[in-house]
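Asker: Sharing a structure with you now.
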Amino acid sequence: MKKYLKRIIRIFILLFIVFGVMNYVNINIAKADEADNMKRTFTISGDTSVKVSAAEDVSLWLDTTDVLPETKVKIGYAIYDKNDKLCDFYYDENRYISVPLGKDRYAILTAYGTGATFYYYSDKSISKSSVNGKALTVIKLKNGKSVEIANNQDEEIEIKNTHDVGWKVDCARYDTGGVCDAFYKNAYNLLSLKNGYTEVITNKSDSKSETVYYPNKYGKVTNKVTSNPALTEIELLPGKSTEIINNQGIETDIKNTNNEGWKIDCARYDDEGICDAFDKNVYSLLSLKNGYTEVITNKSDSTSETVYYPNKYGKVTNNEC
């Protein structure tokens with residue numbers, strides 16, 4: 001009996017030692033993991049930019065712990081690969097932003113106005129250095145205002161907006177010959193610009209501003225305020241007609257919103273006043289060459305129709321008839 005008791009005691013002692021060693025090892029592994037994923041921080045002063053890169057994939061997160069709830073932290077970034085090709089860009093004022101870094105990429109990070117603190121988890125510190133210029137050109141487009149953006153760099157560029165006004169944005173894009181190749185009413189996203197292209201953007205909100213932004217590493221994408229909106233809109237009341245005249249030197253498309261389907265008539269006249277095309281109960285309208293006119297009639301009994309067209313040069317006119 002004593003012999004068995006001694007064996008049991010020895011087994012308990014061995015188990016105690018084994019579990020003790022395992023617990024020690026686990027604690028040290030946890031400490032090592034914690035050290036490998038150390039939380040690190042860095043700060044950017046207001047209205048300054050830094051170039052940041054990392055030896056491994058890591059995300060930078062905006063730290064708003066010590067920022068008052070009502071304070072907007074305006075952050076923009078542009079990410080480039082090792083060949084300086086643009087990969088992604090983003091702008092945010094609502095505190096929800098992260099910057100994905102990778103070993104073959106770097107980011108230009110800008111704090112607009114107020115300074116900002118970022119944190120990340122890594123066993124290695126990221127590389128950062130001050131740079132001139134901003135990650136993005138940011139335009140605060142006030143309600144009722146329009147801006148014209150021109151791309152004079154060799155690369156095509158994407159134009160983004162923050163959707164603060166929802167769908168209350170119009171845009172029209174013009175090619176190198178000044179011809180409008182695309183235009184949209186109540187757009188949610190904006191159009192990209194090839195080299196030599198321009199885009200007119202209008203904020204139609206009654207009260208809110210819209211933020212438009214794009215990367216401008218080479219400083220060759222310019223913008224200016226314009227008094228001509230992206231689109232001219234005509235509210236064609238039931239039973240009414242309008243005449244549109246194109247005097248801008250280049251052809252233009254005319255669009256409508258199809259509010260009540262096929263209850264539209266149209267007739268087009270050339271520069272000598274001869275009708276070269278007309279149709280009854282149409283869904284889409286006719287384009288206009290320079291010097292041409294188009295008469296459009298809304299035959300609905302109760303619903304208005306919206307007719308619209310790009311008018312960057314202000315030389316496409318309309319008259320009620």
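Labeling convention for the structure tokens: chains A, B, ... as they appear, residues from 1 per chain, ligands from 1 in order of appearance.
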Please return, as a ChimeraX atom specification, all residues of range 50-257 of chain A that DSSP assigns to strand (DSSP E or B) on the basis of the backbone.
Answerer: /A:50-53,58-63,73-81,86-92,94,98-101,105-112,116-121,127-131,136-141,146-151,157,160-161,169-174,180-184,193,198-203,210-215,221-226,231-236,241-246,252,255-256
Asker: Determine, for each residue of range 214-261 of chain A having at least one atom at most 12 Å from an atom of range 62-77 of chain A, the closest pair of atoms and their separation in Å to one decimal, counting only C-alpha atoms; order by chain and ascending number, as CSV.
Answerer:
```
residue,atom,partner,partner_atom,distance
A:Tyr214,CA,A:Gly76,CA,9.7
A:Pro215,CA,A:Tyr77,CA,8.5
A:Asn216,CA,A:Tyr77,CA,11.2
A:Lys217,CA,A:Tyr77,CA,11.3
```
Asker: Write a file of the selected residues as a PDB file, in the first residue's frame, keeping N, CA and C atoms.
Answerer:
```pdb
ATOM      1  N   TYR A 214      -8.260  64.737 -55.751  1.00  0.00           N
ATOM      2  CA  TYR A 214      -7.497  63.908 -56.685  1.00  0.00           C
ATOM      3  C   TYR A 214      -6.007  64.016 -56.348  1.00  0.00           C
ATOM      4  N   PRO A 215      -5.216  62.988 -56.700  1.00  0.00           N
ATOM      5  CA  PRO A 215      -3.768  63.059 -56.470  1.00  0.00           C
ATOM      6  C   PRO A 215      -3.132  64.012 -57.475  1.00  0.00           C
ATOM      7  N   ASN A 216      -2.084  64.697 -57.069  1.00  0.00           N
ATOM      8  CA  ASN A 216      -1.473  65.713 -57.936  1.00  0.00           C
ATOM      9  C   ASN A 216       0.026  65.772 -57.673  1.00  0.00           C
ATOM     10  N   LYS A 217       0.646  64.594 -57.726  1.00  0.00           N
ATOM     11  CA  LYS A 217       2.066  64.477 -57.392  1.00  0.00           C
ATOM     12  C   LYS A 217       2.946  65.384 -58.245  1.00  0.00           C
TER      13      LYS A 217
END
```
Asker: Tell me, counting only C-alpha atoms, for each residue of range 211-246 of chain A within 10 Å of range 263-267 of chain A, which pair of atoms is nearest and how far apart they are in Å to one decimal, in rows ordered by chain and increasing number, as JSON lines.
Answerer:
```
{"residue": "A:Pro238", "atom": "CA", "partner": "A:Lys263", "partner_atom": "CA", "distance": 9.8}
{"residue": "A:Gly239", "atom": "CA", "partner": "A:Ile264", "partner_atom": "CA", "distance": 9.9}
{"residue": "A:Ser241", "atom": "CA", "partner": "A:Asp265", "partner_atom": "CA", "distance": 9.2}
{"residue": "A:Thr242", "atom": "CA", "partner": "A:Cys266", "partner_atom": "CA", "distance": 9.7}
{"residue": "A:Glu243", "atom": "CA", "partner": "A:Ala267", "partner_atom": "CA", "distance": 9.5}
```
Asker: Quick one: everything within 9 Å of Thr110 in chain A, counting only C-alpha atoms, minus sequence neighbours fewer than 5 positions away in the same chain. Send it as a list in words.
Answerer: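 Here the qualifying residues turn out to be Ile44, Ser45, Gly46, Asp47, Thr48, Ser49, Val50, Lys74, Ile75, Gly76, Tyr77, Gly133, Lys134, Ala135 and Leu136 of chain A.
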Asker: Selection from above, N, CA and C atoms, as a PDB file, in the first residue's frame, can you write it?
Answerer:
```pdb
ATOM      1  N   ILE A  44       1.610  63.550 -37.231  1.00  0.00           N
ATOM      2  CA  ILE A  44       1.841  64.471 -38.340  1.00  0.00           C
ATOM      3  C   ILE A  44       1.326  65.844 -37.918  1.00  0.00           C
ATOM      4  N   SER A  45       2.127  66.869 -38.083  1.00  0.00           N
ATOM      5  CA  SER A  45       1.695  68.221 -37.770  1.00  0.00           C
ATOM      6  C   SER A  45       0.666  68.688 -38.787  1.00  0.00           C
ATOM      7  N   GLY A  46      -0.133  69.684 -38.411  1.00  0.00           N
ATOM      8  CA  GLY A  46      -1.161  70.205 -39.300  1.00  0.00           C
ATOM      9  C   GLY A  46      -0.587  70.805 -40.569  1.00  0.00           C
ATOM     10  N   ASP A  47      -1.260  70.560 -41.695  1.00  0.00           N
ATOM     11  CA  ASP A  47      -0.873  71.077 -43.012  1.00  0.00           C
ATOM     12  C   ASP A  47       0.534  70.665 -43.420  1.00  0.00           C
ATOM     13  N   THR A  48       0.923  69.468 -43.051  1.00  0.00           N
ATOM     14  CA  THR A  48       2.203  68.917 -43.481  1.00  0.00           C
ATOM     15  C   THR A  48       1.982  67.509 -44.040  1.00  0.00           C
ATOM     16  N   SER A  49       2.991  67.011 -44.747  1.00  0.00           N
ATOM     17  CA  SER A  49       2.911  65.686 -45.366  1.00  0.00           C
ATOM     18  C   SER A  49       4.144  64.873 -45.027  1.00  0.00           C
ATOM     19  N   VAL A  50       3.968  63.549 -44.990  1.00  0.00           N
ATOM     20  CA  VAL A  50       5.086  62.636 -44.783  1.00  0.00           C
ATOM     21  C   VAL A  50       5.000  61.502 -45.790  1.00  0.00           C
ATOM     22  N   LYS A  74      -8.956  65.960 -40.886  1.00  0.00           N
ATOM     23  CA  LYS A  74      -8.958  65.848 -42.346  1.00  0.00           C
ATOM     24  C   LYS A  74      -7.661  65.184 -42.806  1.00  0.00           C
ATOM     25  N   ILE A  75      -7.815  63.984 -43.366  1.00  0.00           N
ATOM     26  CA  ILE A  75      -6.666  63.183 -43.749  1.00  0.00           C
ATOM     27  C   ILE A  75      -6.794  62.760 -45.213  1.00  0.00           C
ATOM     28  N   GLY A  76      -5.693  62.855 -45.939  1.00  0.00           N
ATOM     29  CA  GLY A  76      -5.657  62.356 -47.307  1.00  0.00           C
ATOM     30  C   GLY A  76      -4.404  61.531 -47.530  1.00  0.00           C
ATOM     31  N   TYR A  77      -4.519  60.494 -48.342  1.00  0.00           N
ATOM     32  CA  TYR A  77      -3.326  59.714 -48.666  1.00  0.00           C
ATOM     33  C   TYR A  77      -3.352  59.282 -50.124  1.00  0.00           C
ATOM     34  N   GLY A 133       4.556  69.539 -50.551  1.00  0.00           N
ATOM     35  CA  GLY A 133       3.304  69.301 -51.259  1.00  0.00           C
ATOM     36  C   GLY A 133       2.332  68.468 -50.451  1.00  0.00           C
ATOM     37  N   LYS A 134       1.190  68.219 -51.042  1.00  0.00           N
ATOM     38  CA  LYS A 134       0.117  67.475 -50.392  1.00  0.00           C
ATOM     39  C   LYS A 134      -0.118  66.152 -51.119  1.00  0.00           C
ATOM     40  N   ALA A 135      -0.625  65.175 -50.382  1.00  0.00           N
ATOM     41  CA  ALA A 135      -0.969  63.891 -50.996  1.00  0.00           C
ATOM     42  C   ALA A 135      -2.034  64.079 -52.066  1.00  0.00           C
ATOM     43  N   LEU A 136      -3.001  64.966 -51.781  1.00  0.00           N
ATOM     44  CA  LEU A 136      -4.128  65.190 -52.683  1.00  0.00           C
ATOM     45  C   LEU A 136      -4.415  66.677 -52.817  1.00  0.00           C
TER      46      LEU A 136
END
```
Asker: Calculate how many Å separate CA of Val200 in chain A from CA of Ala172 in chain A, rounding to one decimal.
Answerer: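 Taking CA of Val200 in chain A as the start and CA of Ala172 in chain A as the end point, the length is 5.3 Å.
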Asker: Could you give me, as number ranges by chain, the residues within 12 Å of Asn311 in chain A, counting only C-alpha atoms and dropping anything in the same chain fewer than 2 positions from it?
Answerer: A: 170-174, 178-180, 183, 199-202, 226-233, 244-254, 308-309, 313-318
Asker: Grab the residues selected above and save them as a short mmCIF file (atom, residue, chain, number, x, y, z; two decimals), in the first residue's frame with N, CA and C atoms.
Answerer:
```cif
data_model
loop_
_atom_site.label_atom_id
_atom_site.label_comp_id
_atom_site.auth_asym_id
_atom_site.auth_seq_id
_atom_site.Cartn_x
_atom_site.Cartn_y
_atom_site.Cartn_z
N ASP A 170 -23.65 67.25 -60.82
CA ASP A 170 -23.61 67.08 -62.27
C ASP A 170 -22.16 67.14 -62.73
N CYS A 171 -21.84 66.42 -63.81
CA CYS A 171 -20.48 66.49 -64.34
C CYS A 171 -20.50 66.31 -65.85
N ALA A 172 -19.54 66.96 -66.52
CA ALA A 172 -19.39 66.86 -67.97
C ALA A 172 -17.91 66.84 -68.30
N ARG A 173 -17.51 65.89 -69.15
CA ARG A 173 -16.10 65.73 -69.51
C ARG A 173 -15.87 66.08 -70.98
N TYR A 174 -14.75 66.79 -71.24
CA TYR A 174 -14.41 67.24 -72.59
C TYR A 174 -13.06 66.68 -73.00
N GLY A 178 -12.05 69.58 -77.21
CA GLY A 178 -13.11 70.40 -76.63
C GLY A 178 -14.50 69.84 -76.78
N VAL A 179 -14.59 68.59 -77.28
CA VAL A 179 -15.90 67.95 -77.47
C VAL A 179 -16.29 67.20 -76.20
N CYS A 180 -17.53 67.38 -75.76
CA CYS A 180 -18.01 66.67 -74.57
C CYS A 180 -18.24 65.21 -74.92
N PHE A 183 -21.43 63.05 -70.12
CA PHE A 183 -22.00 63.95 -69.11
C PHE A 183 -23.12 63.24 -68.39
N GLU A 199 -12.90 68.48 -67.01
CA GLU A 199 -14.20 68.08 -66.44
C GLU A 199 -14.79 69.25 -65.67
N VAL A 200 -16.06 69.52 -65.93
CA VAL A 200 -16.80 70.54 -65.18
C VAL A 200 -17.71 69.82 -64.21
N ILE A 201 -17.67 70.24 -62.94
CA ILE A 201 -18.44 69.60 -61.87
C ILE A 201 -19.27 70.67 -61.17
N THR A 202 -20.54 70.38 -60.95
CA THR A 202 -21.44 71.33 -60.29
C THR A 202 -22.08 70.70 -59.07
N THR A 226 -15.64 78.15 -62.28
CA THR A 226 -16.28 78.55 -63.54
C THR A 226 -17.72 78.98 -63.27
N SER A 227 -18.17 79.97 -64.01
CA SER A 227 -19.54 80.47 -63.82
C SER A 227 -20.55 79.63 -64.60
N ASN A 228 -20.06 78.84 -65.57
CA ASN A 228 -20.97 77.99 -66.34
C ASN A 228 -21.09 76.63 -65.67
N PRO A 229 -22.30 76.20 -65.34
CA PRO A 229 -22.48 74.89 -64.69
C PRO A 229 -22.16 73.76 -65.65
N ALA A 230 -22.00 72.57 -65.09
CA ALA A 230 -21.71 71.39 -65.91
C ALA A 230 -22.80 71.17 -66.95
N LEU A 231 -24.05 71.36 -66.54
CA LEU A 231 -25.18 71.13 -67.43
C LEU A 231 -26.18 72.28 -67.37
N THR A 232 -26.82 72.55 -68.48
CA THR A 232 -27.99 73.41 -68.51
C THR A 232 -29.22 72.51 -68.44
N GLU A 233 -30.13 72.80 -67.52
CA GLU A 233 -31.33 72.00 -67.34
C GLU A 233 -32.58 72.82 -67.65
N ILE A 244 -33.85 74.55 -78.70
CA ILE A 244 -32.44 74.59 -78.28
C ILE A 244 -31.59 74.88 -79.50
N ILE A 245 -30.66 75.84 -79.37
CA ILE A 245 -29.81 76.28 -80.49
C ILE A 245 -28.35 76.08 -80.11
N ASN A 246 -27.60 75.38 -80.95
CA ASN A 246 -26.18 75.13 -80.70
C ASN A 246 -25.31 76.09 -81.51
N ASN A 247 -24.64 77.01 -80.82
CA ASN A 247 -23.75 77.97 -81.48
C ASN A 247 -22.33 77.88 -80.94
N GLN A 248 -21.94 76.72 -80.41
CA GLN A 248 -20.64 76.62 -79.75
C GLN A 248 -19.50 76.13 -80.66
N GLY A 249 -19.81 75.80 -81.90
CA GLY A 249 -18.76 75.39 -82.82
C GLY A 249 -18.53 73.91 -82.92
N ILE A 250 -19.07 73.14 -81.99
CA ILE A 250 -18.92 71.68 -82.00
C ILE A 250 -20.27 71.03 -81.67
N GLU A 251 -20.41 69.78 -82.07
CA GLU A 251 -21.66 69.05 -81.86
C GLU A 251 -21.88 68.77 -80.37
N THR A 252 -23.15 68.68 -79.98
CA THR A 252 -23.47 68.35 -78.59
C THR A 252 -24.67 67.42 -78.53
N ASP A 253 -24.68 66.56 -77.53
CA ASP A 253 -25.83 65.69 -77.27
C ASP A 253 -26.86 66.42 -76.41
N ILE A 254 -28.11 66.05 -76.58
CA ILE A 254 -29.20 66.54 -75.73
C ILE A 254 -29.83 65.32 -75.08
N TYR A 308 -31.67 68.26 -70.67
CA TYR A 308 -30.38 68.82 -70.21
C TYR A 308 -29.27 68.53 -71.21
N TYR A 309 -28.23 69.39 -71.14
CA TYR A 309 -27.09 69.26 -72.06
C TYR A 309 -25.87 69.97 -71.47
N TYR A 313 -19.20 76.24 -72.67
CA TYR A 313 -18.86 77.49 -73.34
C TYR A 313 -19.99 78.52 -73.27
N GLY A 314 -21.14 78.11 -72.75
CA GLY A 314 -22.26 79.02 -72.60
C GLY A 314 -22.88 79.46 -73.91
N LYS A 315 -22.69 78.67 -74.98
CA LYS A 315 -23.16 79.06 -76.30
C LYS A 315 -24.25 78.14 -76.86
N VAL A 316 -24.80 77.30 -75.99
CA VAL A 316 -25.98 76.53 -76.37
C VAL A 316 -27.16 77.16 -75.63
N THR A 317 -28.06 77.75 -76.37
CA THR A 317 -29.14 78.52 -75.77
C THR A 317 -30.48 77.81 -75.95
N ASN A 318 -31.47 78.25 -75.19
CA ASN A 318 -32.80 77.68 -75.32
C ASN A 318 -33.86 78.76 -75.14
#
```
Asker: Any idea what's packed within 9 Å of Leu60 in chain A, counting only C-alpha atoms, ignoring anything in its chain fewer than 3 positions away? Could you give it as a PyMOL selection string?
Answerer: chain A and resi 97-101+118-121
Asker: Hey, can you spit out that residue selection with C-alpha atoms as a compact mmCIF listing (two decimals), in the first residue's frame?
Answerer:
```
# COMPACT_ATOMS: atom_id res chain seq x y z
CA ILE A 97 -9.54 56.02 -42.19
CA SER A 98 -6.82 53.39 -42.44
CA VAL A 99 -3.80 53.38 -44.71
CA PRO A 100 -2.69 49.98 -46.10
CA LEU A 101 1.09 49.80 -46.47
CA PHE A 118 -1.61 57.30 -36.27
CA TYR A 119 -0.96 53.93 -34.70
CA TYR A 120 -0.04 50.50 -36.06
CA TYR A 121 0.95 47.07 -34.78
```
Asker: Write out as a list in words each polymer residue whose atoms come within 9 Å of Lys224 in chain A, counting only C-alpha atoms; drop sequence neighbours fewer than 2 positions from it.
Answerer: Ser146, Val147, Glu148, Ile149, Ala150, Thr222 and Thr226 of chain A
Asker: One number please: CA of Asp175 in chain A to CA of Tyr197 in chain A, in Å, one decimal.
Answerer: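 Taking CA of Asp175 in chain A as the start and CA of Tyr197 in chain A as the end point, the length is 4.7 Å.
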Asker: Name all residues at most 9 Å from Glu158 in chain A (count only C-alpha atoms; drop same-chain ones fewer than 6 positions away) and give them as number ranges by chain.
Answerer: A: 190-194, 214-215
Asker: Nearest residue to Gly102 in chain A out of A:Asn132, A:Ser53, A:Thr114, A:Asn152, using only C-alpha atoms?
Answerer: A:Ser53
Asker: Mind giving me the straight-line distance from CA of Lys289 in chain A to CA of Ala182 in chain A in Å, one decimal?
Answerer: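 Interatomic distance here is 16.2 Å.
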Asker: Between A:Val138, A:Val52, A:Ala277, A:Ile159, single out the one closest to Tyr106 in chain A, counting only C-alpha atoms.
Answerer: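 Using only C-alpha atoms, the shortest distance to Tyr106 in chain A belongs to A:Val52.
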Asker: Taking only C-alpha atoms into account, name the residue in A:Tyr90, A:Tyr96, A:Tyr184, A:Tyr218 that is nearest to Lys160 in chain A.
Answerer: A:Tyr90
